[in-house]
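Peer 1: My questions will all concern the structure given below.
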Amino acid sequence: MSASFIEYGILNIIFAVFVSPLFISMIKKVKALAQGRRGPSILQAYYNTFKLLKKETVYSTNSSWVMRTTPYVNMAVMCVAALFVPMILMPAPVSSIGNIILFLYLLALAKFFMALSGLDAGSTFGGMGSSREMTLSAIIEPVIIVVFAALAFAMKTTNMIEMFLGILKSGALFSNPVLILVSISLFIIIIVESARIPVDNPETHLELTMVHEAMILEQSGKNLAMMEWSHAIKQMLLMGILINILFPVGIATELTLAGIAVSALIFILKASVLSAIIGLFESSIAKSRLFHLPDLFMIAMFFSLATILIEVFA
Amino acid sequence: MRQTRARELDTLNELFYVGTIGLFLGALFSAIGSKKAESAKVSLALSVVSCMSLLAFSAITLYYNEAISIPLYSIIPSLQFSFFIDRLAAFFILIISIVSLSVSIYSSGYIEHYKSTAKKNSLTSLMLVFILSMVLVVSSKNMFSFLFFWELMALSSFILVMFEYEKKETRKAGLFYFVMTQLSTVFLLLAFILIYNTTGSFEIAKMQLSASGISSIAFILLFLGFGIKAGIIPFHKWLPYAHPASPSNISALMSGIMIKVAIYGMMRFILFVLTPQLSWGIIIFTAGVISAILGVIYALKEHDIKRLLAYHSIENIGIILIGLGLYIIFSAYNLPELAMLGLIGALFHTMNHALFKSLLFTTAGSVVNATETKNIEEMGGLIKKMPYTAALFFIGAVSISALPPFNGFVSELMIFQALLSSSALANPLLEIFLIAGLAIFALTSALAAACFVKAFGITFLAVPRSHEAEKAKEASLPEILGSGILALSCVVLGVFSFQIFSLVGYSALIPNLFVVGALLAGFYAFAFAVMHAFASGNTRTGETWGCGILSQNPKMEYTASGFSEPIVTIFKSIYRTKKQNDRFYFDISQSVFRQGNAEIRLMKFFEERLYMPVARIAEFLSIKASEMQKSGLDAYIAYSFITIVALLILAGLSA
Amino acid sequence: MITPVMIDSTIKVLIDLILATAAIIIVKRDMLSLISTYSVQSFLLFSMALVLYAENGSTMLLYLAVLTLVSKVIVIPKVMEKVQKKLNIKRDVEFHYLSPTSALFTSMFIILVVHLLLSRILAELQLSNMFFLGATVGISLMFMGMIIIFSRKQTITNIVGYLTMENGVLLFSLFLTELPMIIEVLIIVDLVMLTLMATILAFGINATIDEFHARLNPFIKISESKLFGVKQNTCGAESRASPAGKAVPNMQKFGGDMK
């Protein structure tokens with residue numbers, strides 16, 4: 001692990017941690033504007049976090065160390081996962097960090113803990129959320145793997161940072177059609193993993209439409225702040241992957257102050273555009289029934305398999 | 001130099017002798033002193049010592065890559081008991097010794113559950129015979145000794161499965177297991193005889209390919225024989241019967257090591273004796289994929305904790321076969337690095353599964369002992385009553401769900417890596433086939449995680465659901481210690497995987513999980529410190545909000561069937577559960593209910609469609625055959641008459 | 001400059017998107033989205049024709065593209081929307097013979113098999129990879145259209161399935177180097193005829209069944225009652241759609257009661 005990688009790591013993690021809540025509020029703002037409202041301010045997620053940090057934490061009498069450690073585990077996992085997705089600076093690849101399967105399973109580790117904490121308090125909502133979350137994540141997993149397989153086929157490597165570097169150097173979009181198709185699948189994966197309509201409704205607390213929210217229903221105070229924060233970081237990382245695959249132009253390759261600042265602004269701009277697209281997409285369709293979701297995921301799977309077919313046969 | 005080498009070999013031989021003779025003595029001791037109270041403890045102590053010596057032996061053999069050859073006893077020159085331990089055998093002896101060591105320590109606490117001394121001693125004695133037979137199977141050089149110890153292993157495990165023979169399910173399970181294991185022996189015998197016919201000797205050595213037809217038949221027979229013992233679908237049905245029926249330490253041994261011995265047999269014979277072909281690799285890969293996905297899908301429906309774990313064993317055997325199949329496929333296409341990745345992944349997963357499956361079984365055994373029930377729907381809240389057991393089960397659950405930085409993740413990562421690099425193959429159809437297998441493998445892995453969230457969550461978290469669960473007490477110290485050794489090895493093998501592999505000389509493309517683990521721990525501490533500094537430190541405990549109901553009762557918690565209901569509904573075409581309800585009313589507008597009946601019918605697919613028809617055909621044939629054995633002399637004379645006339649005709653025709 | 005690599009990439013992307021629209025038609029239950037997906041599919045075909053025109057330069061492709069745009073993207077979907085509004089059928093929920101997931105797996109399998117067959121049969125002719133891809137997807141689209149037809153019950157969905165089949169033929173023919181125009185005109189006329197006839201049929205059935213329903217009202221009431229016990233077999237299947245949403249509701253009911 002060279003010194004430049006450590007610098008990159010610190011920068012990336014700081015950027016991920018501090019900028020991610022912005023995009024959560026941005027999507028909310030876009031959705032509100034689409035509904036004709038003014039909506040909350042763009043910095044609302046930060047205000048919420050600060051307010052939550054000041055509140056006291058309430059634990060259920062039924063809960064155990066699982067509930068108490070899950071928020072910290074989630075934050076730790078997301079910070080480590082942030083090392084895998086360069087957003088403002090593209091480092092030289094290292095062998096230990098960057099494996100695509102490691103990234104995926106780190107996210108699965110966070111999900112495992114979250115699902116267990118949902119069951120911990122002994123409430124029905126939590127169990128229901130855990131059950132649905134594990135089901136949906138199981139069904140979307142083959143799609144994610146096939147998408148990663150298509151990427152690995154195209155870029156001939158399983159190291160994410162090497163992939164991004166390769167895409168940056170080869171001038172992206174038009175050299176490889178697989179990337180456009182993979183981006184569409186990745187967009188669907190972002191919707192699923194960050195719990196957006198049509199998979200889950202992040203704004204309601206009704207049991208008919210809760211999946212992710214149900215699992216963190218029992219968390220309070222700083223724990224809730226951490227869970228929401230790690231959710232925001234996860235969403236930003238996935239958006240970062242999509243941006244790096246589709247449109248990596250503008251990312252800095254050397255560590256200079258001006259370069260980093262410009263690169264950060266460009267990334268925030270690109271991610272804002274992507275948030276607007278996600279918000280508009282969410283506003284234009286309704287949430288699907290839980291048991292219609294596997295059919296939708298099968299379409300995504302079909303699409304990704306067709307991508308691989310096209311790549312293998314031509 | 002040569003003298004030091006000879007002395008080293010001598011010490012290695014001594015270690016091996018100490019190990020095996022120690023186990024034998026332990027078994028004997030318990031068997032002879034079966035009325036004495038302490039003989040079980042002494043045998044177990046002997047077993048621990050022997051396992052440690054075997055552990056040292058195998059570790060040194062693995063590290064130095066020395067092969068040990070020990071010819072023992074010949075009945076006739078071609079049938080002898082001889083042992084040969086190379087790296088592959090040493091690896092499996094390593095697995096056997098670590099697991100046996102931990103299970104022996106665990107057993108000294110577990111057998112206190114049985115009240116009679118005779119039972120305790122017989123359990124210990126048989127267990128040691130079981131372990132000894134497995135060690136000797138793995139080290140056999142001669143097919144005769146292989147089969148001899150294989151049968152000994154089968155016999156001792158059968159008696160152990162039938163240990164609680166008072167219960168009817170145990171008897172049924174034992175009988176089922178016995179029939180299946182004898183079937184596997186039949187296939188193995190046929191294969192061995194075939195090989196003997198081709199090569200002229202019973203030695204386990206590389207067979208020079210004479211006819212590819214013969215080697216294909218040998219492959220099919222060996223695959224069937226070892227597959228039945230390993231629990232590949234569709235021969236898996238004995239596993240979910242035998243594992244819940246037997247005592248938990250025996251389930252740990254059976255699931256942890258015995259099915260691995262079948263994998264050893266497969267690897268030894270198919271890779272070493274025969275030369276594998278591409279079609280074999282594809283067959284093994286397909287069998288692996290099917291076993292993996294069906295194993296985990298059936299596991300999701302189970303609420304008996306040991307049956308759930310048994311189905312997960314089937315799933316993991318499937319994963320090992322996926323790795324093995326990949327090795328053969330990539331070797332056939334001349335891609336040695338990818339082939340080695342597949343093989344090392346399969347071998348490492350063998351070790352990992354042995355470790356975490358035994359861990360899960362031992363902790364499940366403690367839980368079953370404490371709560372007097374195997375049904376997880378009657379447990380709950382045990383994390384407060386049995387904290388150490390819960391933590392150890394948690395480590396096992398995280399390992400089996402293949403989450404970093406524990407060991408299950410590393411082996412699955414290797415297999416994923418091999419599959420993701422399959423673009424190097426030139427055959428597009430095969431690439432697409434492998435990608436389909438990859439998708440199913442990913443689904444398996446995610447479903448396993450879902451199943452263990454259920455298993456751990458319903459068993460340990462929230463509130464106790466029954467009276468016995470409320471009264472549960474923590475397991476005894478030996479139980480925790482035994483499980484603890486296994487848990488520790490899971491963690492060590494996961495976090496230090498990169499270092500261990502570089503030590504053995506195989507620096508693979510696996511990421512350095514020590515770094516990842518250190519980063520995780522570091523960020524955890526950092527987040528804790530930040531929160532401590534900036535956030536409010538007030539905490540309060542209160543009751544869970546139950547929508548206004550004043551006191552929460554266990555009925556409000558989520559149940560296990562509720563947890564797996566979405567998955568069961570999505571995969572309902574595989575489960576083939578038929579729900580039928582009839583309702584009858586008194587009036588046209590259906591407002592006054594008269595009567596109704598509802599029926600949920602589970603179709604046990606493999607039992608009803610595969611096993612029972614085969615059993616019925618066998619029964620039919622045997623009835624017909626027994627009809628031929630009429631008691632009259634005239635029938636026998638008639639048979640002799642027909643035979644002699646047929647022989648005369650044949651002689652006349654061929655002259 | 002537009003390089004051949006770019007054209008190849010665009011063709012690949014378009015082909016994949018066309019396959020995705022066909023998959024959506026197989027799975028989706030909402031009638032309006034089926035029709036709009038069909039028009040998106042035809043639009044993709046229009047763009048494909050334009051791209052191939054940019055590559056080849058044959059004016060046939062240009063005419064074909066414009067014709068597709070006018071008839072399949074604008075006219076036919078509009079007609080179908082009108083029909084759908086008149087019939088007031090919103091959803092098509094039941095699946096016959098093949099559930100959506102197994103239909104998708106079957107389609108995947110068919111694509112593989114078709115590609116294998118094509119590459120075996122046409123191995124001697126030196127044809128480009130793009131042709132194989134286009135031909136495979138065209139033929140697969142035909143099969144997927146067939147799957148749509150037999151796995152659904154509503155008339156409009158059947159029409160969309162048939163139109164998908166036509167799209168498949170169109171896609172296949174786009175990749176041929178020689179394109180006789182007559183075939184395309186014939187196909188378009190065929191389609192218009194079909195849509196008209198389907199409209200009439202749909203109206204016709206509805207009209208007839210309404211009278212039929214009115215005449216048989218008293219008998220229906222009694223046989224619909226649960227007095228003597230009617231079994232409700234729910235083998236985990238979807239519940240029946242409401243009678244208002246079906247074009248042929250009563251045949252179903254009678255068939256159900258006569259068990």
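Residue numbers start at 1 in each chain; chains themselves are named A, B, ... in the order of the structure tokens; ligands are numbered from 1 in the order shown.
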What's the 12 Å shell around C:Ile76, counting only C-alpha atoms, without same-chain residues fewer than 4 positions away, as a PDB file with C-alpha atoms, in the first residue's frame?
Peer 2:
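Final file, around_11.pdb:
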ATOM      1  CA  ILE C  35     -48.804  -0.622 -26.252  1.00  0.00           C
ATOM      2  CA  SER C  36     -46.263   2.081 -25.441  1.00  0.00           C
ATOM      3  CA  TYR C  38     -44.458  -1.716 -28.615  1.00  0.00           C
ATOM      4  CA  SER C  39     -44.167   1.785 -29.992  1.00  0.00           C
ATOM      5  CA  SER C  42     -40.790   0.186 -33.341  1.00  0.00           C
ATOM      6  CA  LEU C  67     -42.609   3.833 -43.268  1.00  0.00           C
ATOM      7  CA  THR C  68     -41.892   2.165 -39.925  1.00  0.00           C
ATOM      8  CA  LEU C  69     -41.951   5.473 -38.150  1.00  0.00           C
ATOM      9  CA  VAL C  70     -45.283   6.504 -39.576  1.00  0.00           C
ATOM     10  CA  SER C  71     -47.123   3.240 -39.362  1.00  0.00           C
ATOM     11  CA  LYS C  72     -45.673   1.409 -36.410  1.00  0.00           C
ATOM     12  CA  MET C  80     -54.740   0.284 -30.391  1.00  0.00           C
ATOM     13  CA  GLU C  81     -55.013   2.838 -27.619  1.00  0.00           C
ATOM     14  CA  LYS C  82     -58.394   3.848 -28.963  1.00  0.00           C
ATOM     15  CA  VAL C  83     -59.536   0.255 -29.033  1.00  0.00           C
ATOM     16  CA  ILE C 159     -52.341  -8.396 -31.270  1.00  0.00           C
ATOM     17  CA  VAL C 160     -49.244  -6.883 -29.710  1.00  0.00           C
ATOM     18  CA  LEU C 163     -47.002  -7.140 -34.113  1.00  0.00           C
ATOM     19  CA  ILE C 188     -47.478  -3.251 -43.791  1.00  0.00           C
ATOM     20  CA  VAL C 189     -50.745  -3.823 -45.577  1.00  0.00           C
ATOM     21  CA  LEU C 191     -50.623  -5.336 -40.478  1.00  0.00           C
ATOM     22  CA  VAL C 192     -53.170  -2.681 -41.228  1.00  0.00           C
ATOM     23  CA  MET C 193     -55.637  -5.320 -42.241  1.00  0.00           C
ATOM     24  CA  LEU C 194     -54.935  -7.216 -39.113  1.00  0.00           C
ATOM     25  CA  THR C 195     -55.395  -4.236 -36.852  1.00  0.00           C
ATOM     26  CA  LEU C 196     -58.650  -3.343 -38.500  1.00  0.00           C
ATOM     27  CA  ALA C 198     -58.822  -7.203 -34.684  1.00  0.00           C
ATOM     28  CA  THR C 199     -60.665  -4.039 -33.834  1.00  0.00           C
TER      29      THR C 199
END
Peer 1: Specify as a list in words all residues of chain A found within 8 Å of chain C, counting only C-alpha atoms.
Peer 2: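 The selection requested is Phe174, Ser175, Asn176, Pro177, Val178, Ile180, Leu181, Asp295, Leu296, Met298, Ile299, Phe302, Phe303, Ala306, Thr307, Ile310, Phe313 and Ala314 of chain A.
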Peer 1: For the structure I just gave you, how does DSSP split stretch 480-654 of chain B - specifically, which residues are strand (DSSP E or B)? Reply as a ChimeraX atom specification.
Peer 2: /B:539-542,577-585,593-602
Peer 1: Any chance you can output those residues with C-alpha atoms as a short mmCIF file (atom, residue, chain, number, x, y, z; two decimals), in the first residue's frame?
Peer 2:
data_model
loop_
_atom_site.label_atom_id
_atom_site.label_comp_id
_atom_site.auth_asym_id
_atom_site.auth_seq_id
_atom_site.Cartn_x
_atom_site.Cartn_y
_atom_site.Cartn_z
CA THR B 539 -29.27 6.23 26.41
CA ARG B 540 -32.46 4.84 27.74
CA THR B 541 -34.14 1.47 27.47
CA GLY B 542 -37.80 1.03 26.94
CA THR B 577 -46.71 -26.91 -2.02
CA LYS B 578 -50.33 -27.43 -2.81
CA LYS B 579 -52.76 -25.29 -0.93
CA GLN B 580 -56.36 -26.08 -1.20
CA ASN B 581 -59.29 -24.65 0.67
CA ASP B 582 -62.94 -25.39 0.26
CA ARG B 583 -65.57 -23.23 1.74
CA PHE B 584 -69.25 -23.98 1.96
CA TYR B 585 -71.91 -21.44 2.79
CA PHE B 593 -70.38 -19.90 6.80
CA ARG B 594 -71.30 -23.55 7.03
CA GLN B 595 -68.05 -25.51 6.91
CA GLY B 596 -64.68 -25.53 5.32
CA ASN B 597 -61.49 -27.45 5.10
CA ALA B 598 -58.01 -26.40 4.19
CA GLU B 599 -55.11 -28.54 3.19
CA ILE B 600 -51.46 -27.72 2.67
CA ARG B 601 -49.67 -30.57 1.05
CA LEU B 602 -45.89 -30.62 0.85
#
Peer 1: How many Å separate atom CA of B:Ala625 from atom CA of B:Leu175?
Peer 2: 22.8 Å
Peer 1: Taking only C-alpha atoms into account, report as number ranges by chain which residues of chain B lie within 7 Å of chain A.
Peer 2: B: 403-404, 413, 420, 423, 428, 439-440, 442-443, 446-447, 450, 453, 457, 461-463, 511-512, 519-520, 523-524, 527-528, 535-544, 546, 556-558, 563-564, 566-567
Peer 1: Using the selection just defined, write its residues with C-alpha atoms as a PDB file, in the first residue's frame.
Peer 2:
ATOM      1  CA  LEU B 403     -19.090 -12.371   4.352  1.00  0.00           C
ATOM      2  CA  PRO B 404     -15.685 -10.743   4.619  1.00  0.00           C
ATOM      3  CA  LEU B 413     -14.187 -15.457  -3.821  1.00  0.00           C
ATOM      4  CA  LEU B 420     -15.525 -14.314 -13.835  1.00  0.00           C
ATOM      5  CA  SER B 423     -13.828 -15.197 -20.936  1.00  0.00           C
ATOM      6  CA  PRO B 428     -18.706 -19.273 -26.477  1.00  0.00           C
ATOM      7  CA  ALA B 439     -25.660 -16.437 -11.733  1.00  0.00           C
ATOM      8  CA  ILE B 440     -27.108 -19.453  -9.927  1.00  0.00           C
ATOM      9  CA  ALA B 442     -24.590 -15.921  -6.714  1.00  0.00           C
ATOM     10  CA  LEU B 443     -28.245 -16.614  -5.992  1.00  0.00           C
ATOM     11  CA  ALA B 446     -27.374 -14.633  -1.222  1.00  0.00           C
ATOM     12  CA  LEU B 447     -30.091 -17.109  -0.219  1.00  0.00           C
ATOM     13  CA  ALA B 450     -30.992 -14.896   4.073  1.00  0.00           C
ATOM     14  CA  VAL B 453     -30.309 -14.250   9.154  1.00  0.00           C
ATOM     15  CA  GLY B 457     -32.325 -14.081  14.323  1.00  0.00           C
ATOM     16  CA  LEU B 461     -32.703 -12.582  19.121  1.00  0.00           C
ATOM     17  CA  ALA B 462     -35.777 -10.901  20.567  1.00  0.00           C
ATOM     18  CA  VAL B 463     -37.935 -12.615  23.164  1.00  0.00           C
ATOM     19  CA  PRO B 511      -7.171  -9.630  -1.724  1.00  0.00           C
ATOM     20  CA  ASN B 512      -5.405  -9.125   1.545  1.00  0.00           C
ATOM     21  CA  LEU B 519      -9.507  -1.095   8.180  1.00  0.00           C
ATOM     22  CA  LEU B 520     -12.928  -2.255   9.323  1.00  0.00           C
ATOM     23  CA  PHE B 523     -13.110   2.681  11.160  1.00  0.00           C
ATOM     24  CA  TYR B 524     -15.371   1.084  13.744  1.00  0.00           C
ATOM     25  CA  ALA B 527     -16.781   6.071  14.324  1.00  0.00           C
ATOM     26  CA  PHE B 528     -17.210   5.140  17.970  1.00  0.00           C
ATOM     27  CA  ALA B 535     -23.190  12.984  19.815  1.00  0.00           C
ATOM     28  CA  SER B 536     -25.337  12.917  22.884  1.00  0.00           C
ATOM     29  CA  GLY B 537     -24.363  10.097  25.155  1.00  0.00           C
ATOM     30  CA  ASN B 538     -27.740   9.626  26.826  1.00  0.00           C
ATOM     31  CA  THR B 539     -29.266   6.226  26.409  1.00  0.00           C
ATOM     32  CA  ARG B 540     -32.461   4.843  27.741  1.00  0.00           C
ATOM     33  CA  THR B 541     -34.138   1.472  27.468  1.00  0.00           C
ATOM     34  CA  GLY B 542     -37.800   1.032  26.940  1.00  0.00           C
ATOM     35  CA  GLU B 543     -40.275  -1.427  25.610  1.00  0.00           C
ATOM     36  CA  THR B 544     -40.594  -2.046  21.936  1.00  0.00           C
ATOM     37  CA  GLY B 546     -46.238  -2.536  19.796  1.00  0.00           C
ATOM     38  CA  MET B 556     -45.879 -10.307  18.293  1.00  0.00           C
ATOM     39  CA  GLU B 557     -42.480 -11.278  17.056  1.00  0.00           C
ATOM     40  CA  TYR B 558     -41.811 -12.410  13.567  1.00  0.00           C
ATOM     41  CA  PHE B 563     -39.576 -14.744   7.580  1.00  0.00           C
ATOM     42  CA  SER B 564     -39.109 -17.192   4.760  1.00  0.00           C
ATOM     43  CA  PRO B 566     -41.647 -14.249   0.528  1.00  0.00           C
ATOM     44  CA  ILE B 567     -38.878 -16.498  -0.723  1.00  0.00           C
TER      45      ILE B 567
END
Peer 1: Could you list, as a PDB file with C-alpha atoms, in the first residue's frame, every residue within 8 Å of B:Val138, counting only C-alpha atoms and ignoring same-chain residues fewer than 3 positions away?
Peer 2:
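Here's the written file part_1.pdb:
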ATOM      1  CA  ALA B  89      -4.072 -36.754   2.062  1.00  0.00           C
ATOM      2  CA  PHE B  92      -7.566 -33.875   4.642  1.00  0.00           C
ATOM      3  CA  ILE B  93      -5.916 -35.317   7.749  1.00  0.00           C
ATOM      4  CA  MET B 134     -11.713 -41.675   8.539  1.00  0.00           C
ATOM      5  CA  VAL B 135      -8.032 -40.949   9.062  1.00  0.00           C
ATOM      6  CA  PHE B 146      -9.559 -47.913   1.405  1.00  0.00           C
ATOM      7  CA  VAL B 261     -13.828 -37.900   2.947  1.00  0.00           C
ATOM      8  CA  TYR B 264     -11.317 -36.744  -0.986  1.00  0.00           C
ATOM      9  CA  GLY B 265     -12.198 -40.019  -2.665  1.00  0.00           C
TER      10      GLY B 265
END
Peer 1: If you run DSSP over the backbone, which residues in stretch 157-301 of chain A end up helix (DSSP H, G or I)? Put them as number ranges by chain.
Peer 2: A: 160-170, 172-175, 177-193, 212-215, 221-246, 257-284, 290-301
